[in-house]
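S.K.: Could you have a look at this structure, given as structure tokens, before my questions?
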Amino acid sequence: MEANGAETAGLIGEGREAPEPGAIRRLHRKLSRGLAQYVATRRIRAKNREPLVSFTFDDVPDTALIHGAPVLEGQGARGTFYIAGGLCGRTEPDRQLISSPGCIELHRRGHEIGCHTFSHPDLQTLDAAALSMEIASNRAFFRELAPDLVLESFAYPYGRSSFARKLQVQACFRSCRGNRAGVNGGMVDLGMLRAMAIDYATDRDRVARAIDGAVGCNGWLIFFTHDVAPRPTWIGCTPQFLDAAIAYARGRGCEIVTVREGLRRIGALPTREGSESEAWHDGR
Ligand SMILES: [Zn+2]
């Protein structure tokens, strides 16, 4: 007992001195974030026949519509665009966010619009009521734009959440995507789908290895990026890079699917379609 007590003290502070309240809060937040990331809370065994690859876009910059969507469509594929309605139309120093008409355009062209909260907060900073408000605001925003647009898929802003907010948000959507790299295969956590970044640090070999890995285990690989432009930001990529990644995945026998379609392929969609869809509509 003595040894354990000393270890704990060493973990959260120096020696036996009481740790600062701020330090305890930070430790609690870190532990909670780790639990959300590593403890599977909504598990399902994937039953897909073919390896799957999804291309997803977060926030979303308008170049993802201008350059990204046509690249996908050129290869007969569609993507999932996780949009925070509160960012729509905003001009930032290094990017222009998609407009409301741009969102409708994506939807009409068969792409999936996913939820990325309304104002893009770090979920760890929200209490339950604030997260409910974020989800309700984003649903209302898109319902206003297109009544037939239902947000079924969610991506965590910054890829992270507290454990409590993860449990809350996973009850409101069919799937929630994080940013922990890896292939979704075998037992999949729908509360924190894994996803690999495509950004300044991602080269073609790395993408090819990741796709090879998905093929090797018949898994589901989800990529995420932001802008798609000839001169992308550090969290985006070029149209050529995206095109090459899609072509490689195709060449390796992968199906390119939206996240919603990926869920169908792994057998995660509910059998009682009608009653479940109502729940997503109402934001419960
Ligand atoms: Zn984001």
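Letters for chains follow the order of the structure tokens (A, B, ...), residue numbers begin at 1 for each chain, and ligand numbers begin at 1 in the order shown.
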Could you give me, as a Markdown table, a per-residue list for chain A showing, wherever an atom lies at most 12 Å from an atom of ligand 1, the closest pair of atoms and their distance in Å to one decimal, using only C-alpha atoms and all ligand atoms and sorting by chain then residue number from low to high?
M.R.:
```
| residue | atom | partner | partner_atom_place_in_ligand_line | distance |
| --- | --- | --- | --- | --- |
| A:Thr56 | CA | ligand 1 | 1 (Zn) | 11.2 |
| A:Phe57 | CA | ligand 1 | 1 (Zn) | 8.7 |
| A:Asp58 | CA | ligand 1 | 1 (Zn) | 5.0 |
| A:Asp59 | CA | ligand 1 | 1 (Zn) | 4.6 |
| A:Val60 | CA | ligand 1 | 1 (Zn) | 7.7 |
| A:Pro61 | CA | ligand 1 | 1 (Zn) | 10.2 |
| A:Phe81 | CA | ligand 1 | 1 (Zn) | 10.6 |
| A:Tyr82 | CA | ligand 1 | 1 (Zn) | 7.9 |
| A:Ile83 | CA | ligand 1 | 1 (Zn) | 8.0 |
| A:Ala84 | CA | ligand 1 | 1 (Zn) | 7.8 |
| A:Gly85 | CA | ligand 1 | 1 (Zn) | 11.5 |
| A:Gly86 | CA | ligand 1 | 1 (Zn) | 11.7 |
| A:Leu87 | CA | ligand 1 | 1 (Zn) | 9.9 |
| A:Leu97 | CA | ligand 1 | 1 (Zn) | 11.4 |
| A:Gly114 | CA | ligand 1 | 1 (Zn) | 11.6 |
| A:Cys115 | CA | ligand 1 | 1 (Zn) | 10.2 |
| A:His116 | CA | ligand 1 | 1 (Zn) | 6.7 |
| A:Thr117 | CA | ligand 1 | 1 (Zn) | 9.0 |
| A:Phe118 | CA | ligand 1 | 1 (Zn) | 10.5 |
| A:Ser119 | CA | ligand 1 | 1 (Zn) | 9.7 |
| A:His120 | CA | ligand 1 | 1 (Zn) | 6.4 |
| A:Pro121 | CA | ligand 1 | 1 (Zn) | 8.8 |
| A:Asp122 | CA | ligand 1 | 1 (Zn) | 9.4 |
| A:Leu123 | CA | ligand 1 | 1 (Zn) | 11.4 |
| A:Phe154 | CA | ligand 1 | 1 (Zn) | 10.9 |
| A:Ala155 | CA | ligand 1 | 1 (Zn) | 7.9 |
| A:Tyr156 | CA | ligand 1 | 1 (Zn) | 7.2 |
| A:Pro157 | CA | ligand 1 | 1 (Zn) | 4.4 |
| A:Tyr158 | CA | ligand 1 | 1 (Zn) | 5.6 |
| A:Gly159 | CA | ligand 1 | 1 (Zn) | 7.6 |
| A:Arg160 | CA | ligand 1 | 1 (Zn) | 10.3 |
| A:Arg177 | CA | ligand 1 | 1 (Zn) | 11.2 |
| A:Gly178 | CA | ligand 1 | 1 (Zn) | 10.3 |
| A:Asn179 | CA | ligand 1 | 1 (Zn) | 10.3 |
| A:Ala197 | CA | ligand 1 | 1 (Zn) | 12.0 |
| A:Phe224 | CA | ligand 1 | 1 (Zn) | 10.1 |
| A:Thr225 | CA | ligand 1 | 1 (Zn) | 9.4 |
| A:His226 | CA | ligand 1 | 1 (Zn) | 8.1 |
| A:Asp227 | CA | ligand 1 | 1 (Zn) | 11.3 |
| A:Ile235 | CA | ligand 1 | 1 (Zn) | 10.3 |
| A:Gly236 | CA | ligand 1 | 1 (Zn) | 11.9 |
```
S.K.: Where does stretch 8-77 of chain A meet stretch 161-166 of chain A within 10 Å, residue by residue, with the nearest atom pair and distance in Å to one decimal for each, counting only C-alpha atoms, listed by chain and rising number, as JSON lines?
M.R.:
```
{"residue": "A:His28", "atom": "CA", "partner": "A:Ser162", "partner_atom": "CA", "distance": 9.5}
{"residue": "A:Arg29", "atom": "CA", "partner": "A:Ser162", "partner_atom": "CA", "distance": 7.0}
{"residue": "A:Lys30", "atom": "CA", "partner": "A:Ser162", "partner_atom": "CA", "distance": 8.4}
{"residue": "A:Leu31", "atom": "CA", "partner": "A:Ser162", "partner_atom": "CA", "distance": 8.5}
{"residue": "A:Ser32", "atom": "CA", "partner": "A:Ser162", "partner_atom": "CA", "distance": 5.0}
{"residue": "A:Arg33", "atom": "CA", "partner": "A:Ser162", "partner_atom": "CA", "distance": 4.8}
{"residue": "A:Gly34", "atom": "CA", "partner": "A:Phe163", "partner_atom": "CA", "distance": 8.1}
{"residue": "A:Leu35", "atom": "CA", "partner": "A:Phe163", "partner_atom": "CA", "distance": 5.9}
{"residue": "A:Ala36", "atom": "CA", "partner": "A:Phe163", "partner_atom": "CA", "distance": 4.4}
{"residue": "A:Gln37", "atom": "CA", "partner": "A:Ser161", "partner_atom": "CA", "distance": 7.8}
{"residue": "A:Tyr38", "atom": "CA", "partner": "A:Phe163", "partner_atom": "CA", "distance": 9.9}
{"residue": "A:Val39", "atom": "CA", "partner": "A:Phe163", "partner_atom": "CA", "distance": 8.8}
{"residue": "A:Thr41", "atom": "CA", "partner": "A:Lys166", "partner_atom": "CA", "distance": 8.6}
```
S.K.: How would the residues just picked look written out with N, CA and C atoms as a PDB file, in the first residue's frame?
M.R.:
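That gives us out_32.pdb:
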```
ATOM      1  N   HIS A  28      -6.788  14.742 -14.881  1.00  0.00           N
ATOM      2  CA  HIS A  28      -8.113  14.159 -15.061  1.00  0.00           C
ATOM      3  C   HIS A  28      -8.530  14.233 -16.524  1.00  0.00           C
ATOM      4  N   ARG A  29      -8.260  15.374 -17.128  1.00  0.00           N
ATOM      5  CA  ARG A  29      -8.624  15.590 -18.537  1.00  0.00           C
ATOM      6  C   ARG A  29      -7.853  14.625 -19.444  1.00  0.00           C
ATOM      7  N   LYS A  30      -6.591  14.442 -19.124  1.00  0.00           N
ATOM      8  CA  LYS A  30      -5.745  13.559 -19.937  1.00  0.00           C
ATOM      9  C   LYS A  30      -6.224  12.109 -19.814  1.00  0.00           C
ATOM     10  N   LEU A  31      -6.542  11.705 -18.591  1.00  0.00           N
ATOM     11  CA  LEU A  31      -7.024  10.339 -18.382  1.00  0.00           C
ATOM     12  C   LEU A  31      -8.348  10.109 -19.099  1.00  0.00           C
ATOM     13  N   SER A  32      -9.229  11.083 -18.977  1.00  0.00           N
ATOM     14  CA  SER A  32     -10.541  10.972 -19.592  1.00  0.00           C
ATOM     15  C   SER A  32     -10.410  10.899 -21.117  1.00  0.00           C
ATOM     16  N   ARG A  33      -9.493  11.715 -21.662  1.00  0.00           N
ATOM     17  CA  ARG A  33      -9.253  11.703 -23.103  1.00  0.00           C
ATOM     18  C   ARG A  33      -8.705  10.343 -23.548  1.00  0.00           C
ATOM     19  N   GLY A  34      -7.797   9.802 -22.729  1.00  0.00           N
ATOM     20  CA  GLY A  34      -7.234   8.483 -23.042  1.00  0.00           C
ATOM     21  C   GLY A  34      -8.293   7.402 -23.005  1.00  0.00           C
ATOM     22  N   LEU A  35      -9.171   7.465 -22.021  1.00  0.00           N
ATOM     23  CA  LEU A  35     -10.259   6.478 -21.922  1.00  0.00           C
ATOM     24  C   LEU A  35     -11.145   6.540 -23.157  1.00  0.00           C
ATOM     25  N   ALA A  36     -11.487   7.781 -23.561  1.00  0.00           N
ATOM     26  CA  ALA A  36     -12.346   7.958 -24.742  1.00  0.00           C
ATOM     27  C   ALA A  36     -11.671   7.360 -25.978  1.00  0.00           C
ATOM     28  N   GLN A  37     -10.363   7.539 -26.051  1.00  0.00           N
ATOM     29  CA  GLN A  37      -9.608   7.088 -27.220  1.00  0.00           C
ATOM     30  C   GLN A  37      -9.450   5.567 -27.241  1.00  0.00           C
ATOM     31  N   TYR A  38      -9.160   4.988 -26.090  1.00  0.00           N
ATOM     32  CA  TYR A  38      -8.736   3.586 -26.075  1.00  0.00           C
ATOM     33  C   TYR A  38      -9.781   2.595 -25.570  1.00  0.00           C
ATOM     34  N   VAL A  39     -10.785   3.057 -24.872  1.00  0.00           N
ATOM     35  CA  VAL A  39     -11.803   2.120 -24.386  1.00  0.00           C
ATOM     36  C   VAL A  39     -12.968   2.099 -25.378  1.00  0.00           C
ATOM     37  N   THR A  41     -16.437   1.678 -26.744  1.00  0.00           N
ATOM     38  CA  THR A  41     -17.707   1.829 -26.034  1.00  0.00           C
ATOM     39  C   THR A  41     -18.913   1.430 -26.884  1.00  0.00           C
TER      40      THR A  41
END
```
S.K.: For A:Gln96, work out the shell of residues within 9 Å, counting only C-alpha atoms and skipping chain neighbours fewer than 5 positions away, then give it as a list in words.
M.R.: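 Final neighbour list, sorted by chain and number: Val60, Pro61, Asp62, Thr63, Cys88, Gly89, Arg90 and Thr91 of chain A.
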S.K.: Quick one: everything within 12 Å of A:Glu73, counting only C-alpha atoms, minus sequence neighbours fewer than 2 positions away in the same chain. Send it as a ChimeraX atom specification.
M.R.: /A:55,65-71,75-79,106,109-111,242-243,246,256-257
S.K.: Which residue, A:Ile211, A:Cys176, A:Ala247, A:Leu167, has the smallest gap to A:Val188 when you use only C-alpha atoms?
M.R.: A:Cys176
S.K.: Select from stretch 73-181 of chain A everything DSSP, run on the backbone, classes as helix (DSSP H, G or I), then give the selection as a ChimeraX atom specification.
M.R.: /A:73-74,85-87,100-108,123-125,128-145,157-159,163-170
S.K.: So which one's closest to A:Glu105, A:Tyr200, A:Leu145, A:Val228, A:Gly191? Using only C-alpha atoms, please.
M.R.: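 Residue with the minimum atom-to-atom distance to A:Glu105: A:Leu145.
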S.K.: Work out how far apart atom CA of A:Met133 and atom CA of A:Pro147 are and give it in Å to one decimal.
M.R.: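 These two atoms are separated by 19.4 Å.
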S.K.: From the list A:Gly102, A:Gly213, A:Gly186, A:Pro239, which residue is nearest A:Lys47 when using only C-alpha atoms?
M.R.: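 Looking at the shortest contact to A:Lys47, the residue is A:Gly186.
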S.K.: Rounded to one decimal place, report the atom CA of A:Arg231-atom CA of A:Asp203 distance in Å.
M.R.: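 Straight-line distance from atom CA of A:Arg231 to atom CA of A:Asp203 works out to 15.3 Å.
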S.K.: Could you check how far atom CA of A:Ile98 sits from atom CA of A:Met196, in Å to one decimal?
M.R.: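 Going from atom CA of A:Ile98 over to atom CA of A:Met196 covers 22.6 Å.
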S.K.: Which one of A:Ser100, A:Thr202, A:Asn218, A:Ala64 sits closest to A:Pro230 if you count only C-alpha atoms?
M.R.: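 Answer, going by the shortest atom-to-atom distance: A:Ala64.
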